[in-house]
Amino acid sequence: MTEAKKEFTHLSGGDVPRMVDISEKNVTERTAVAVARIHLGHELSELLKESGSTKKGPVLQTAVIGAIQAAKRTSELIPMCHPLPLSGVDVDIDLEGEYAVIQVTAKTSGRTGVEMEALTAASVAALTIYDMCKSVSKSMEIESICLLEKTGGKSGDYCKQSKN
């Protein structure tokens, strides 16, 4: 077996997918922060700055609700993800130039991290913005989704190094 295959914890000895047993891990406070960026274009960014709405309704508020729903249902979407009791999900969406920048902080007290919940929430918020605004512009681009930081757990803290 190659070294890379030994590192996959979600495969059994026979390369059969499995959900990792976390029952022996310690319960710790865990947080994760993810960010997504969606390029809106000039017309749409100006519309959202002025009114915040399209024909479908309030865009950013709907995206926040979508993000929270997605965080709560991450284990239903990502096959090997454990269901987590979330203690909090904060969603901030800022309009910066021609971009919507979505930042999600997910928190739990548990045996596994909340990175997937934060990433899923940021992704669905960006998709919700696209859905709410596609009648105005179909040229929006979700340009990036990434983990900014995480705390807690056996692997310790992580903070994404900024690109300079």
# chains A, B, ... in the order shown; residues from 1 in each chain; ligands from 1

$ select_by_dssp --residues "range 25-125 of chain A" --states "helix (DSSP H, G or I)" --output "VMD selection string"
chain A and resid 42 to 50 59 to 72 74 to 77 115 to 125

$ residues_around --residues "Arg111 in chain A" --least-positions-apart "5" --cutoff "6 Å" --atoms "only C-alpha atoms" --output "ChimeraX atom specification"
/A:25-27

$ residues_around --residues "Gly66 in chain A" --least-positions-apart "3" --cutoff "9 Å" --atoms "only C-alpha atoms" --output "VMD selection string"
chain A and resid 61 to 63 69 to 71 121 124 to 125 127 to 128

$ residues_around --residues "range 153-163 of chain A" --least-positions-apart "2" --cutoff "8 Å" --atoms "only C-alpha atoms" --output "JSON, numbers by chain"
{"A": [26, 28, 29, 30, 111, 112, 113, 147, 148, 149, 150, 151]}

$ write_last_selection --atoms "C-alpha atoms" --output "short mmCIF file (atom, residue, chain, number, x, y, z; two decimals), in the first residue's frame"
data_model
loop_
_atom_site.label_atom_id
_atom_site.label_comp_id
_atom_site.auth_asym_id
_atom_site.auth_seq_id
_atom_site.Cartn_x
_atom_site.Cartn_y
_atom_site.Cartn_z
CA ASN A 26 -11.71 14.34 23.62
CA THR A 28 -13.11 20.28 23.04
CA GLU A 29 -14.34 23.70 22.02
CA ARG A 30 -13.87 24.01 18.27
CA ARG A 111 -15.07 15.36 19.20
CA THR A 112 -14.49 16.56 15.65
CA GLY A 113 -14.01 19.90 13.95
CA LEU A 147 -10.75 27.82 5.36
CA LEU A 148 -9.22 30.85 7.08
CA GLU A 149 -8.71 29.36 10.51
CA LYS A 150 -9.71 26.65 12.92
CA THR A 151 -9.18 26.07 16.62
#

$ residues_around --residues "range 48-51 of chain A" --least-positions-apart "6" --cutoff "12 Å" --atoms "only C-alpha atoms" --output "ChimeraX atom specification"
/A:40-42,57-61,93-100,129,132-133,136

$ closest_residue --among "A:Lys56, A:Ser135, A:Ala126, A:Ser75" --to "His39 in chain A" --atoms "only C-alpha atoms"
A:Ala126
